[in-house]
>>> print(open('start-v8.cif').read())   # mmCIF, C-alpha atoms
data_start
loop_
_atom_site.label_atom_id
_atom_site.label_comp_id
_atom_site.auth_asym_id
_atom_site.auth_seq_id
_atom_site.Cartn_x
_atom_site.Cartn_y
_atom_site.Cartn_z
CA MET A 110 -8.66 -33.39 41.27
CA ALA A 111 -10.81 -36.45 40.58
CA ALA A 112 -14.56 -36.00 40.34
CA PRO A 113 -16.58 -37.31 43.33
CA LEU A 114 -17.93 -40.83 43.02
CA ARG A 115 -21.59 -40.73 41.95
CA GLY A 116 -22.09 -44.28 40.68
CA ASN A 117 -20.71 -46.02 37.61
CA VAL A 118 -21.83 -45.74 34.04
CA VAL A 119 -22.01 -49.21 32.49
CA SER A 120 -22.82 -49.49 28.78
CA GLY A 121 -24.08 -45.93 28.86
CA VAL A 122 -26.58 -46.67 31.66
CA HIS A 123 -26.24 -44.88 35.00
CA LYS A 124 -26.35 -47.38 37.87
CA THR A 125 -26.97 -46.46 41.47
CA VAL A 126 -24.90 -48.00 44.27
CA ARG A 127 -27.91 -50.16 45.15
CA GLN A 128 -28.18 -51.47 41.60
CA GLN A 129 -24.48 -52.32 41.61
CA GLN A 130 -24.96 -54.29 44.82
CA GLU A 131 -27.93 -56.09 43.32
CA LYS A 132 -25.77 -57.02 40.33
CA VAL A 133 -23.10 -58.42 42.64
CA GLU A 134 -25.80 -60.51 44.36
CA ARG A 135 -26.86 -61.99 41.04
CA GLN A 136 -23.25 -62.80 40.14
CA THR A 137 -22.04 -64.22 43.45
CA LEU A 138 -24.90 -65.66 45.52
CA SER A 139 -26.09 -69.24 45.39
CA PRO A 140 -28.99 -70.16 43.08
CA PHE A 141 -30.84 -71.01 46.31
CA ALA A 142 -30.34 -67.53 47.82
CA CYS A 143 -33.09 -64.93 48.00
CA LEU A 144 -32.01 -61.97 45.88
CA SER A 145 -33.02 -58.46 46.90
CA THR A 146 -34.52 -57.87 43.44
CA ARG A 147 -36.82 -60.86 43.89
CA SER A 148 -38.43 -59.68 47.11
CA ARG A 149 -42.21 -59.98 47.18
CA GLY A 150 -42.30 -56.38 48.33
CA ARG A 151 -43.64 -54.45 51.30
CA MET A 152 -47.11 -53.96 52.74
CA ARG A 153 -46.99 -50.38 51.43
CA PRO A 154 -45.02 -49.59 48.24
CA GLU A 155 -41.95 -47.36 48.67
CA GLU A 156 -39.44 -45.75 46.41
CA PRO A 157 -36.19 -47.80 46.45
CA CYS A 158 -33.13 -46.37 48.16
CA SER A 159 -30.25 -45.32 45.91
CA LEU A 160 -27.66 -46.80 48.28
CA ARG A 161 -29.17 -49.76 50.12
CA THR A 162 -30.88 -52.91 48.98
CA THR A 163 -34.33 -53.86 50.27
CA PHE A 164 -32.98 -56.12 53.01
CA GLN A 165 -30.31 -53.62 54.10
CA ARG A 166 -33.06 -51.07 54.70
CA ASP A 167 -35.02 -53.64 56.73
CA ARG A 168 -31.97 -54.37 58.87
CA ASP A 169 -31.41 -50.65 59.53
CA ARG A 170 -35.03 -50.05 60.45
CA LEU A 171 -34.96 -52.88 62.96
CA ILE A 172 -31.72 -51.91 64.65
CA HIS A 173 -32.85 -48.28 65.04
CA SER A 174 -36.28 -49.19 66.45
CA LYS A 175 -37.26 -48.46 70.05
CA THR A 176 -38.34 -52.06 70.59
CA PHE A 177 -34.88 -53.32 69.63
CA ARG A 178 -33.25 -51.03 72.19
CA ARG A 179 -35.52 -52.34 74.95
CA LEU A 180 -34.21 -55.88 74.44
CA LYS A 181 -31.12 -54.97 76.48
CA HIS A 182 -33.26 -55.02 79.65
CA LYS A 183 -35.33 -58.13 78.92
CA THR A 184 -34.68 -61.57 80.39
CA GLN A 185 -33.03 -64.37 78.47
CA VAL A 186 -32.97 -67.06 81.21
CA PHE A 187 -32.02 -65.33 84.46
CA LEU A 188 -34.57 -62.72 85.53
CA ALA A 189 -33.20 -59.16 85.76
CA PRO A 190 -29.64 -60.48 86.21
CA ALA A 191 -27.43 -58.45 88.54
CA GLY A 192 -24.18 -59.67 86.98
CA ASP A 193 -22.79 -57.79 84.00
CA HIS A 194 -21.86 -60.92 82.04
CA TYR A 195 -25.17 -62.77 81.88
CA ARG A 196 -27.03 -62.76 78.59
CA THR A 197 -30.07 -60.61 77.99
CA ARG A 198 -32.52 -60.84 75.11
CA LEU A 199 -30.41 -58.29 73.20
CA THR A 200 -27.16 -60.23 73.46
CA HIS A 201 -29.05 -63.38 72.46
CA VAL A 202 -30.30 -61.66 69.31
CA LEU A 203 -26.79 -60.45 68.45
CA GLU A 204 -25.33 -63.94 68.93
CA VAL A 205 -28.06 -65.44 66.73
CA SER A 206 -27.30 -62.82 64.09
CA GLN A 207 -23.58 -63.55 64.11
CA ILE A 208 -24.00 -67.32 63.89
CA ALA A 209 -26.62 -67.04 61.13
CA ARG A 210 -24.53 -64.56 59.13
CA THR A 211 -21.49 -66.81 59.30
CA MET A 212 -23.48 -69.71 57.89
CA ALA A 213 -25.07 -67.46 55.24
CA VAL A 214 -21.66 -66.36 53.96
CA CYS A 215 -20.40 -69.96 53.85
CA LEU A 216 -23.48 -71.07 51.89
CA ARG A 217 -23.48 -67.95 49.66
CA LEU A 218 -26.94 -66.94 50.87
CA ASN A 219 -28.14 -63.36 51.37
CA GLU A 220 -26.35 -62.10 54.45
CA TYR A 221 -28.44 -58.91 54.74
CA LEU A 222 -31.73 -60.79 54.68
CA THR A 223 -30.36 -63.25 57.25
CA GLU A 224 -29.23 -60.43 59.52
CA ALA A 225 -32.54 -58.57 59.30
CA ILE A 226 -34.56 -61.64 60.26
CA ALA A 227 -32.19 -62.41 63.14
CA LEU A 228 -32.38 -58.87 64.53
CA GLY A 229 -36.18 -58.87 64.42
CA HIS A 230 -37.00 -62.40 65.46
CA ASP A 231 -37.41 -61.79 69.22
CA LEU A 232 -38.82 -58.25 69.32
CA GLY A 233 -42.10 -59.59 70.70
CA HIS A 234 -40.64 -61.21 73.78
CA THR A 235 -42.15 -60.14 77.08
CA PRO A 236 -40.48 -59.02 80.28
CA PHE A 237 -39.23 -62.01 82.31
CA GLY A 238 -38.75 -64.16 79.21
CA HIS A 239 -40.88 -67.25 78.82
CA ALA A 240 -42.48 -66.69 82.22
CA GLY A 241 -44.04 -63.52 80.85
CA GLU A 242 -45.03 -65.20 77.61
CA TYR A 243 -46.68 -68.06 79.50
CA SER A 244 -48.67 -65.63 81.64
CA LEU A 245 -49.88 -63.46 78.76
CA ASN A 246 -50.89 -66.57 76.84
CA LEU A 247 -53.22 -67.45 79.72
CA LEU A 248 -54.50 -63.93 80.31
CA HIS A 249 -55.23 -62.73 76.79
CA PRO A 250 -58.47 -64.23 75.40
CA LYS A 251 -56.82 -65.00 72.05
CA GLY A 252 -53.57 -66.25 73.56
CA PHE A 253 -50.07 -64.88 73.12
CA LYS A 254 -47.01 -66.06 71.21
CA HIS A 255 -43.86 -63.98 71.06
CA PHE A 256 -43.28 -64.61 67.34
CA ARG A 257 -46.76 -63.31 66.48
CA GLN A 258 -46.13 -60.31 68.71
CA SER A 259 -42.83 -59.70 66.91
CA LEU A 260 -44.71 -59.49 63.62
CA ARG A 261 -47.35 -57.23 65.18
CA ILE A 262 -44.63 -54.90 66.37
CA VAL A 263 -42.95 -54.50 62.98
CA ASP A 264 -46.29 -54.29 61.15
CA PHE A 265 -48.24 -51.97 63.45
CA LEU A 266 -46.84 -50.95 66.83
CA GLU A 267 -43.48 -49.44 65.95
CA ASN A 268 -43.12 -45.94 64.52
CA ASP A 269 -46.21 -44.57 66.32
CA GLY A 270 -48.55 -47.12 64.82
CA ARG A 271 -47.21 -46.99 61.28
CA GLY A 272 -44.95 -50.01 61.67
CA LEU A 273 -41.62 -50.51 59.94
CA ASN A 274 -43.08 -51.63 56.60
CA LEU A 275 -40.60 -54.48 56.21
CA SER A 276 -40.28 -56.77 53.23
CA TRP A 277 -42.37 -59.94 53.00
CA GLU A 278 -39.29 -62.17 53.37
CA VAL A 279 -38.19 -60.61 56.66
CA ARG A 280 -41.72 -60.70 58.06
CA ASN A 281 -42.07 -64.36 57.04
CA GLY A 282 -38.74 -65.24 58.68
CA ILE A 283 -39.76 -63.53 61.93
CA LEU A 284 -43.11 -65.31 62.04
CA LYS A 285 -41.71 -68.78 61.29
CA HIS A 286 -38.50 -68.73 63.35
CA SER A 287 -39.85 -70.37 66.49
CA LYS A 288 -39.69 -74.11 67.00
CA GLY A 289 -40.47 -74.44 70.71
CA TYR A 290 -39.63 -77.99 71.68
CA GLY A 291 -40.27 -79.24 68.14
CA GLU A 292 -37.98 -80.37 65.34
CA ILE A 293 -35.19 -78.05 64.28
CA LEU A 294 -35.62 -78.74 60.55
CA PRO A 295 -38.92 -80.60 60.09
CA ASP A 296 -39.78 -82.37 56.85
CA ASP A 297 -43.01 -80.38 56.62
CA MET A 298 -41.90 -77.29 54.70
CA THR A 299 -44.99 -75.34 55.79
CA GLU A 300 -43.51 -75.16 59.28
CA LEU A 301 -40.37 -73.47 57.97
CA PRO A 302 -39.68 -69.96 56.70
CA ALA A 303 -40.04 -69.65 52.94
CA THR A 304 -36.39 -68.64 52.44
CA LEU A 305 -33.21 -70.51 53.34
CA GLU A 306 -32.08 -67.32 55.07
CA GLY A 307 -35.09 -67.51 57.38
CA GLN A 308 -34.39 -71.18 58.02
CA LEU A 309 -30.80 -70.32 58.94
CA VAL A 310 -32.07 -67.99 61.65
CA ARG A 311 -34.33 -70.75 62.98
CA VAL A 312 -31.31 -73.06 63.33
CA ALA A 313 -28.97 -70.32 64.59
CA ASP A 314 -31.51 -69.49 67.30
CA ILE A 315 -31.19 -72.90 68.94
CA MET A 316 -27.43 -73.05 68.33
CA ALA A 317 -27.08 -69.75 70.18
CA TYR A 318 -29.32 -70.40 73.15
CA VAL A 319 -28.21 -73.95 74.00
CA ASN A 320 -24.64 -72.64 74.11
CA HIS A 321 -25.05 -69.32 75.87
CA ASP A 322 -27.62 -70.69 78.33
CA MET A 323 -25.14 -73.44 79.18
CA ASP A 324 -22.45 -70.80 79.64
CA ASP A 325 -24.66 -68.68 81.91
CA ALA A 326 -25.72 -71.70 83.95
CA LEU A 327 -22.07 -72.62 84.49
CA ARG A 328 -21.29 -69.03 85.52
CA GLY A 329 -24.22 -69.05 87.93
CA GLY A 330 -23.14 -72.33 89.53
CA MET A 331 -26.35 -74.12 88.55
CA ILE A 332 -24.42 -76.83 86.72
CA HIS A 333 -20.78 -77.88 86.45
CA SER A 334 -18.79 -78.62 83.33
CA ASP A 335 -18.64 -82.35 84.05
CA ASP A 336 -22.46 -82.53 84.38
CA LEU A 337 -22.76 -82.55 80.61
CA PRO A 338 -22.80 -86.18 79.44
CA GLY A 339 -19.40 -87.36 78.21
CA HIS A 340 -20.63 -88.51 74.80
CA LEU A 341 -21.96 -84.99 74.07
CA ARG A 342 -18.69 -83.38 75.13
CA LYS A 343 -16.83 -85.77 72.86
CA ILE A 344 -18.90 -84.64 69.85
CA ILE A 345 -19.10 -80.87 70.45
CA GLY A 346 -16.29 -80.09 72.89
CA ASP A 347 -16.04 -78.55 76.33
CA ARG A 348 -15.99 -74.83 75.52
CA SER A 349 -18.72 -72.64 74.04
CA SER A 350 -16.57 -71.72 71.04
CA GLU A 351 -15.90 -75.40 70.31
CA ARG A 352 -19.59 -76.26 70.52
CA ILE A 353 -20.69 -73.45 68.22
CA ASN A 354 -17.95 -74.24 65.71
CA ALA A 355 -18.93 -77.93 65.68
CA MET A 356 -22.60 -77.14 65.07
CA VAL A 357 -21.98 -74.49 62.40
CA SER A 358 -19.42 -76.63 60.58
CA ASP A 359 -21.79 -79.60 60.55
CA LEU A 360 -24.66 -77.62 59.04
CA VAL A 361 -22.51 -75.89 56.43
CA ASN A 362 -20.66 -79.02 55.31
CA THR A 363 -23.74 -81.26 55.29
CA THR A 364 -25.79 -78.69 53.38
CA LEU A 365 -23.04 -78.16 50.79
CA ARG A 366 -22.68 -81.90 50.34
CA MET A 367 -26.42 -82.42 49.79
CA ASN A 368 -26.75 -79.34 47.54
CA ASP A 369 -30.51 -79.76 47.09
CA GLY A 370 -31.86 -76.34 48.07
CA ARG A 371 -32.53 -77.31 51.69
CA LEU A 372 -30.62 -76.97 54.94
CA HIS A 373 -29.29 -80.13 56.52
CA LEU A 374 -27.80 -81.14 59.85
CA GLY A 375 -25.98 -84.44 60.13
CA GLU A 376 -28.05 -87.03 61.97
CA ARG A 377 -25.60 -87.26 64.85
CA MET A 378 -25.39 -83.47 65.25
CA ASN A 379 -29.17 -83.10 65.10
CA GLU A 380 -29.49 -85.67 67.89
CA THR A 381 -26.72 -83.98 69.86
CA ILE A 382 -28.39 -80.54 69.74
CA ASN A 383 -31.72 -82.04 70.76
CA GLU A 384 -30.11 -83.92 73.63
CA LEU A 385 -28.32 -80.77 74.76
CA ARG A 386 -31.63 -78.89 74.70
CA THR A 387 -33.23 -81.65 76.82
CA PHE A 388 -30.31 -81.45 79.26
CA LEU A 389 -30.90 -77.70 79.68
CA TYR A 390 -34.64 -78.14 80.20
CA ASP A 391 -34.04 -80.73 82.90
CA ASN A 392 -31.14 -79.03 84.67
CA VAL A 393 -31.52 -75.29 84.03
CA TYR A 394 -34.92 -74.12 82.75
CA ARG A 395 -36.77 -76.31 85.27
CA ASN A 396 -34.23 -75.81 88.03
CA TYR A 397 -35.98 -74.78 91.25
CA ARG A 398 -33.95 -71.54 91.44
CA VAL A 399 -35.17 -70.46 88.02
CA HIS A 400 -38.66 -71.87 88.49
CA ASN A 401 -39.24 -70.07 91.80
CA GLU A 402 -38.33 -66.72 90.27
CA PHE A 403 -40.52 -67.44 87.24
CA GLU A 404 -43.52 -67.98 89.55
CA LYS A 405 -42.90 -64.57 91.11
CA ALA A 406 -42.61 -63.01 87.66
CA GLN A 407 -45.89 -64.60 86.57
CA ARG A 408 -47.60 -63.06 89.60
CA ILE A 409 -46.30 -59.63 88.59
CA ILE A 410 -47.62 -60.04 85.05
CA ARG A 411 -51.01 -61.25 86.29
CA ASP A 412 -51.42 -58.37 88.73
CA LEU A 413 -50.35 -55.71 86.23
CA TYR A 414 -52.65 -57.16 83.58
CA GLY A 415 -55.66 -57.15 85.91
CA PHE A 416 -54.88 -53.63 87.10
CA PHE A 417 -54.61 -52.09 83.64
CA LEU A 418 -57.80 -53.72 82.42
CA LYS A 419 -59.52 -51.32 84.83
CA HIS A 420 -57.16 -48.35 85.06
CA GLU A 421 -55.43 -45.92 82.72
CA PHE A 422 -51.89 -46.51 81.55
CA PRO A 423 -49.14 -44.29 82.98
CA ASN A 424 -49.33 -40.81 81.42
CA GLY A 425 -52.35 -41.93 79.40
CA ARG A 426 -50.04 -44.07 77.28
CA ILE A 427 -51.61 -46.71 75.01
CA ASP A 428 -49.04 -48.97 73.35
CA SER A 429 -51.37 -50.33 70.71
CA CYS A 430 -52.38 -49.46 67.18
CA CYS A 431 -56.01 -50.27 67.93
CA PRO A 432 -58.23 -47.17 67.68
CA PRO A 433 -60.23 -46.44 70.85
CA HIS A 434 -63.31 -45.17 69.00
CA GLY A 435 -65.98 -46.69 66.79
CA LEU A 436 -66.54 -49.84 68.85
CA SER A 437 -69.84 -51.55 68.17
CA SER A 438 -70.41 -53.18 71.58
CA SER A 439 -69.11 -53.49 75.11
CA ALA A 440 -67.67 -56.89 74.12
CA ASP A 441 -65.69 -55.17 71.35
CA ALA A 442 -64.51 -52.57 73.82
CA MET A 443 -63.30 -55.24 76.26
CA GLN A 444 -61.57 -57.13 73.47
CA MET A 445 -59.85 -53.89 72.46
CA ARG A 446 -58.80 -53.26 76.05
CA HIS A 447 -57.29 -56.73 76.33
CA ARG A 448 -55.31 -56.08 73.17
CA GLN A 449 -54.04 -52.73 74.45
CA VAL A 450 -53.05 -54.14 77.85
CA CYS A 451 -51.31 -57.10 76.24
CA ASP A 452 -49.33 -54.83 73.91
CA PHE A 453 -48.42 -52.53 76.80
CA ILE A 454 -47.17 -55.27 79.11
CA ALA A 455 -45.39 -57.25 76.37
CA GLY A 456 -43.38 -54.15 75.52
CA MET A 457 -42.11 -53.62 79.07
CA THR A 458 -38.56 -54.30 80.14
CA ASP A 459 -37.95 -56.32 83.29
CA ARG A 460 -36.95 -53.31 85.33
CA TYR A 461 -39.88 -51.18 84.12
CA ALA A 462 -42.33 -53.95 85.06
CA LEU A 463 -40.72 -54.31 88.49
CA ALA A 464 -40.75 -50.55 89.10
CA LEU A 465 -44.35 -50.20 87.96
CA TYR A 466 -45.46 -53.13 90.10
CA SER A 467 -43.74 -51.63 93.13
CA ARG A 468 -45.33 -48.25 92.49
CA ILE A 469 -48.83 -49.69 92.17
CA PHE A 470 -48.91 -52.55 94.67
CA ILE A 471 -46.18 -52.00 97.30
CA PRO A 472 -47.14 -49.61 100.14
CA ARG A 473 -44.88 -46.63 100.59
CA PRO A 474 -43.66 -45.87 104.11
CA TRP A 475 -45.52 -42.98 105.70
CA SER A 476 -43.52 -40.23 107.30
CA VAL A 477 -44.34 -36.90 108.88
CA LEU A 478 -41.87 -34.13 108.20
#
>>> encode(input="start-v8.cif", output="structure tokens")
Amino acid sequence: MAAPLRGNVVSGVHKTVRQQQEKVERQTLSPFACLSTRSRGRMRPEEPCSLRTTFQRDRDRLIHSKTFRRLKHKTQVFLAPAGDHYRTRLTHVLEVSQIARTMAVCLRLNEYLTEAIALGHDLGHTPFGHAGEYSLNLLHPKGFKHFRQSLRIVDFLENDGRGLNLSWEVRNGILKHSKGYGEILPDDMTELPATLEGQLVRVADIMAYVNHDMDDALRGGMIHSDDLPGHLRKIIGDRSSERINAMVSDLVNTTLRMNDGRLHLGERMNETINELRTFLYDNVYRNYRVHNEFEKAQRIIRDLYGFFLKHEFPNGRIDSCCPPHGLSSSADAMQMRHRQVCDFIAGMTDRYALALYSRIFIPRPWSVL
């Protein structure tokens, strides 16, 4: 009977499975890829795993986190959708991951780093999507951005305040993924993640949402297939799969042709994606049906925020790493409370926020038995 596999001996040196994978990375990945062995490290040093590379461990920590599981009940575009086939924040993250990983493989970049950034990039999103983010940004004295909250979650809030202790490259990709209404690939490199893998997630994010938001809007009857301008349909097709394939193929082929250590979209495709994003803003995101529900969601966030500034959290729960003791002034105490309330509400799912709001603010019918 053959002996169990315990790693290979190469030139008399015992190599772990992780070290063999790191060797494969060095032999097969692009010179522009971020190798696991070249990571800038973690906030707290750790012993390496014998089986998994640095970025594989990051991916696993993210996918097993409580915050990741809550994404399944957080809004993408449609608030608390009743239909089973509408996207949620979790399905968005998975679609971003798949698109980014496909491009990473084609460009011979680090697929595990790409996947980890994609899985973690939206952990900080609030209940009710951008309506919740908009509200918290107004309510919290220091403002609120979901990408900063995502980093706060992986650094401090997860794992009972210990965080996930992710690598610098994953944390950087999470922090720099968001583009808002700005350029997809700006010339200013300081606006971009430091790795090409992080930049892939930034591009995959918009590729995913302009396509799946279009698909959901069609399913919901908000727009019709022939509403999309004909010149856009001619470039990227009529079906979601055709549009994604056209965008991915353009980035991969243009980047390989340039071969200069940067990501590139063809000029026509870059304009097409931007025009499609504008179309969605005008016809879906600002649609009165969506906007009216967002106003209701903002009222829920405002009322919950004001309530918990003055009252205890359910079951004495404090979803924040900030210590409650040792405050030097009442102003410090109030600042701490704002931080705790913001963390608590940002972590809610849509249905938890709705249930909590109903429990606190909606009168219960009185009955005599």
>>> resolve_selection(input="start-v8.cif", expression="the PyMOL selection byres ((chain A and resi 276-284) around 6)", output="count of residues only")
11
>>> axis_aligned_box(input="start-v8.cif", around="range 193-209 of chain A", padding_each_side="3 Å", output="AutoDock Vina command-line options")
--center_x -27.2 --center_y -62.6 --center_z 72.6 --size_x 16.7 --size_y 15.5 --size_z 28.9
>>> resolve_selection(input="start-v8.cif", expression="the PyMOL selection byres ((chain A and resi 164) around 10)", output="VMD selection string")
chain A and resid 144 to 146 148 161 to 163 165 to 170 219 to 226 275 to 276 278 to 279
>>> closest_residue(input="start-v8.cif", among="A:Ile315, A:Arg398, A:Cys143, A:Gly330", to="Ile293 in chain A", atoms="only C-alpha atoms")
A:Ile315
>>> resolve_selection(input="start-v8.cif", expression="the PyMOL selection byres ((chain A and resi 379) around 12)", output="PDB file with C-alpha atoms, in the coordinates of the input")
ATOM      1  CA  GLU A 292     -37.980 -80.370  65.340  1.00  0.00           C
ATOM      2  CA  ILE A 293     -35.190 -78.050  64.280  1.00  0.00           C
ATOM      3  CA  LEU A 294     -35.620 -78.740  60.550  1.00  0.00           C
ATOM      4  CA  PRO A 295     -38.920 -80.600  60.090  1.00  0.00           C
ATOM      5  CA  VAL A 312     -31.310 -73.060  63.330  1.00  0.00           C
ATOM      6  CA  ILE A 315     -31.190 -72.900  68.940  1.00  0.00           C
ATOM      7  CA  MET A 316     -27.430 -73.050  68.330  1.00  0.00           C
ATOM      8  CA  LEU A 341     -21.960 -84.990  74.070  1.00  0.00           C
ATOM      9  CA  ILE A 344     -18.900 -84.640  69.850  1.00  0.00           C
ATOM     10  CA  ILE A 345     -19.100 -80.870  70.450  1.00  0.00           C
ATOM     11  CA  ALA A 355     -18.930 -77.930  65.680  1.00  0.00           C
ATOM     12  CA  MET A 356     -22.600 -77.140  65.070  1.00  0.00           C
ATOM     13  CA  VAL A 357     -21.980 -74.490  62.400  1.00  0.00           C
ATOM     14  CA  ASP A 359     -21.790 -79.600  60.550  1.00  0.00           C
ATOM     15  CA  LEU A 360     -24.660 -77.620  59.040  1.00  0.00           C
ATOM     16  CA  THR A 363     -23.740 -81.260  55.290  1.00  0.00           C
ATOM     17  CA  LEU A 372     -30.620 -76.970  54.940  1.00  0.00           C
ATOM     18  CA  HIS A 373     -29.290 -80.130  56.520  1.00  0.00           C
ATOM     19  CA  LEU A 374     -27.800 -81.140  59.850  1.00  0.00           C
ATOM     20  CA  GLY A 375     -25.980 -84.440  60.130  1.00  0.00           C
ATOM     21  CA  GLU A 376     -28.050 -87.030  61.970  1.00  0.00           C
ATOM     22  CA  ARG A 377     -25.600 -87.260  64.850  1.00  0.00           C
ATOM     23  CA  MET A 378     -25.390 -83.470  65.250  1.00  0.00           C
ATOM     24  CA  GLU A 380     -29.490 -85.670  67.890  1.00  0.00           C
ATOM     25  CA  THR A 381     -26.720 -83.980  69.860  1.00  0.00           C
ATOM     26  CA  ILE A 382     -28.390 -80.540  69.740  1.00  0.00           C
ATOM     27  CA  ASN A 383     -31.720 -82.040  70.760  1.00  0.00           C
ATOM     28  CA  GLU A 384     -30.110 -83.920  73.630  1.00  0.00           C
ATOM     29  CA  LEU A 385     -28.320 -80.770  74.760  1.00  0.00           C
ATOM     30  CA  ARG A 386     -31.630 -78.890  74.700  1.00  0.00           C
TER      31      ARG A 386
END
>>> atom_distance(input="start-v8.cif", atom1="CA of Phe422 in chain A", atom2="CA of Pro474 in chain A")
24.0 Å
>>> residues_around(input="start-v8.cif", residues="Leu138 in chain A", least_positions_apart="3", cutoff="6 Å", atoms="all atoms listed in the file", output="MDAnalysis selection string")
chainID A and resid 134 217:218
>>> atom_distance(input="start-v8.cif", atom1="CA of His234 in chain A", atom2="CA of Ala455 in chain A")
6.7 Å
>>> atom_distance(input="start-v8.cif", atom1="CA of Asp193 in chain A", atom2="CA of Asp322 in chain A")
14.9 Å
>>> decode(input="start-v8.cif", residues="range 314-320 of chain A", atoms="all heavy atoms", output="PDB file, in the first residue's frame")
ATOM      1  N   ASP A 314     -17.216  44.998 -10.560  1.00  0.00           N
ATOM      2  CA  ASP A 314     -18.338  45.509  -9.778  1.00  0.00           C
ATOM      3  C   ASP A 314     -19.338  46.228 -10.683  1.00  0.00           C
ATOM      4  O   ASP A 314     -20.545  45.950 -10.649  1.00  0.00           O
ATOM      5  CB  ASP A 314     -17.803  46.459  -8.701  1.00  0.00           C
ATOM      6  CG  ASP A 314     -18.882  46.943  -7.745  1.00  0.00           C
ATOM      7  OD1 ASP A 314     -19.844  46.204  -7.515  1.00  0.00           O
ATOM      8  OD2 ASP A 314     -18.743  48.066  -7.216  1.00  0.00           O
ATOM      9  N   ILE A 315     -18.845  47.124 -11.529  1.00  0.00           N
ATOM     10  CA  ILE A 315     -19.764  47.857 -12.402  1.00  0.00           C
ATOM     11  C   ILE A 315     -20.272  46.962 -13.525  1.00  0.00           C
ATOM     12  O   ILE A 315     -21.438  47.058 -13.927  1.00  0.00           O
ATOM     13  CB  ILE A 315     -19.112  49.144 -12.963  1.00  0.00           C
ATOM     14  CG1 ILE A 315     -20.168  49.991 -13.682  1.00  0.00           C
ATOM     15  CG2 ILE A 315     -17.936  48.848 -13.871  1.00  0.00           C
ATOM     16  CD1 ILE A 315     -19.673  51.369 -14.073  1.00  0.00           C
ATOM     17  N   MET A 316     -19.445  46.053 -14.033  1.00  0.00           N
ATOM     18  CA  MET A 316     -19.921  45.106 -15.043  1.00  0.00           C
ATOM     19  C   MET A 316     -21.087  44.284 -14.503  1.00  0.00           C
ATOM     20  O   MET A 316     -22.072  44.028 -15.206  1.00  0.00           O
ATOM     21  CB  MET A 316     -18.798  44.175 -15.472  1.00  0.00           C
ATOM     22  CG  MET A 316     -17.721  44.798 -16.336  1.00  0.00           C
ATOM     23  SD  MET A 316     -16.483  43.556 -16.780  1.00  0.00           S
ATOM     24  CE  MET A 316     -15.407  44.519 -17.862  1.00  0.00           C
ATOM     25  N   ALA A 317     -20.968  43.869 -13.248  1.00  0.00           N
ATOM     26  CA  ALA A 317     -22.018  43.042 -12.649  1.00  0.00           C
ATOM     27  C   ALA A 317     -23.291  43.840 -12.435  1.00  0.00           C
ATOM     28  O   ALA A 317     -24.376  43.432 -12.858  1.00  0.00           O
ATOM     29  CB  ALA A 317     -21.528  42.456 -11.323  1.00  0.00           C
ATOM     30  N   TYR A 318     -23.173  45.012 -11.800  1.00  0.00           N
ATOM     31  CA  TYR A 318     -24.425  45.669 -11.411  1.00  0.00           C
ATOM     32  C   TYR A 318     -25.161  46.301 -12.581  1.00  0.00           C
ATOM     33  O   TYR A 318     -26.400  46.333 -12.581  1.00  0.00           O
ATOM     34  CB  TYR A 318     -24.222  46.636 -10.241  1.00  0.00           C
ATOM     35  CG  TYR A 318     -23.626  47.995 -10.502  1.00  0.00           C
ATOM     36  CD1 TYR A 318     -24.327  48.981 -11.212  1.00  0.00           C
ATOM     37  CD2 TYR A 318     -22.386  48.342  -9.972  1.00  0.00           C
ATOM     38  CE1 TYR A 318     -23.794  50.246 -11.406  1.00  0.00           C
ATOM     39  CE2 TYR A 318     -21.850  49.609 -10.156  1.00  0.00           C
ATOM     40  CZ  TYR A 318     -22.553  50.557 -10.881  1.00  0.00           C
ATOM     41  OH  TYR A 318     -22.025  51.812 -11.064  1.00  0.00           O
ATOM     42  N   VAL A 319     -24.478  46.811 -13.611  1.00  0.00           N
ATOM     43  CA  VAL A 319     -25.237  47.372 -14.729  1.00  0.00           C
ATOM     44  C   VAL A 319     -25.991  46.269 -15.468  1.00  0.00           C
ATOM     45  O   VAL A 319     -27.053  46.525 -16.051  1.00  0.00           O
ATOM     46  CB  VAL A 319     -24.346  48.156 -15.721  1.00  0.00           C
ATOM     47  CG1 VAL A 319     -23.752  49.383 -15.062  1.00  0.00           C
ATOM     48  CG2 VAL A 319     -23.269  47.287 -16.351  1.00  0.00           C
ATOM     49  N   ASN A 320     -25.473  45.062 -15.421  1.00  0.00           N
ATOM     50  CA  ASN A 320     -26.157  43.953 -16.092  1.00  0.00           C
ATOM     51  C   ASN A 320     -27.260  43.340 -15.241  1.00  0.00           C
ATOM     52  O   ASN A 320     -28.382  43.140 -15.717  1.00  0.00           O
ATOM     53  CB  ASN A 320     -25.135  42.893 -16.505  1.00  0.00           C
ATOM     54  CG  ASN A 320     -24.391  43.267 -17.773  1.00  0.00           C
ATOM     55  OD1 ASN A 320     -24.959  43.286 -18.851  1.00  0.00           O
ATOM     56  ND2 ASN A 320     -23.112  43.606 -17.641  1.00  0.00           N
TER      57      ASN A 320
END
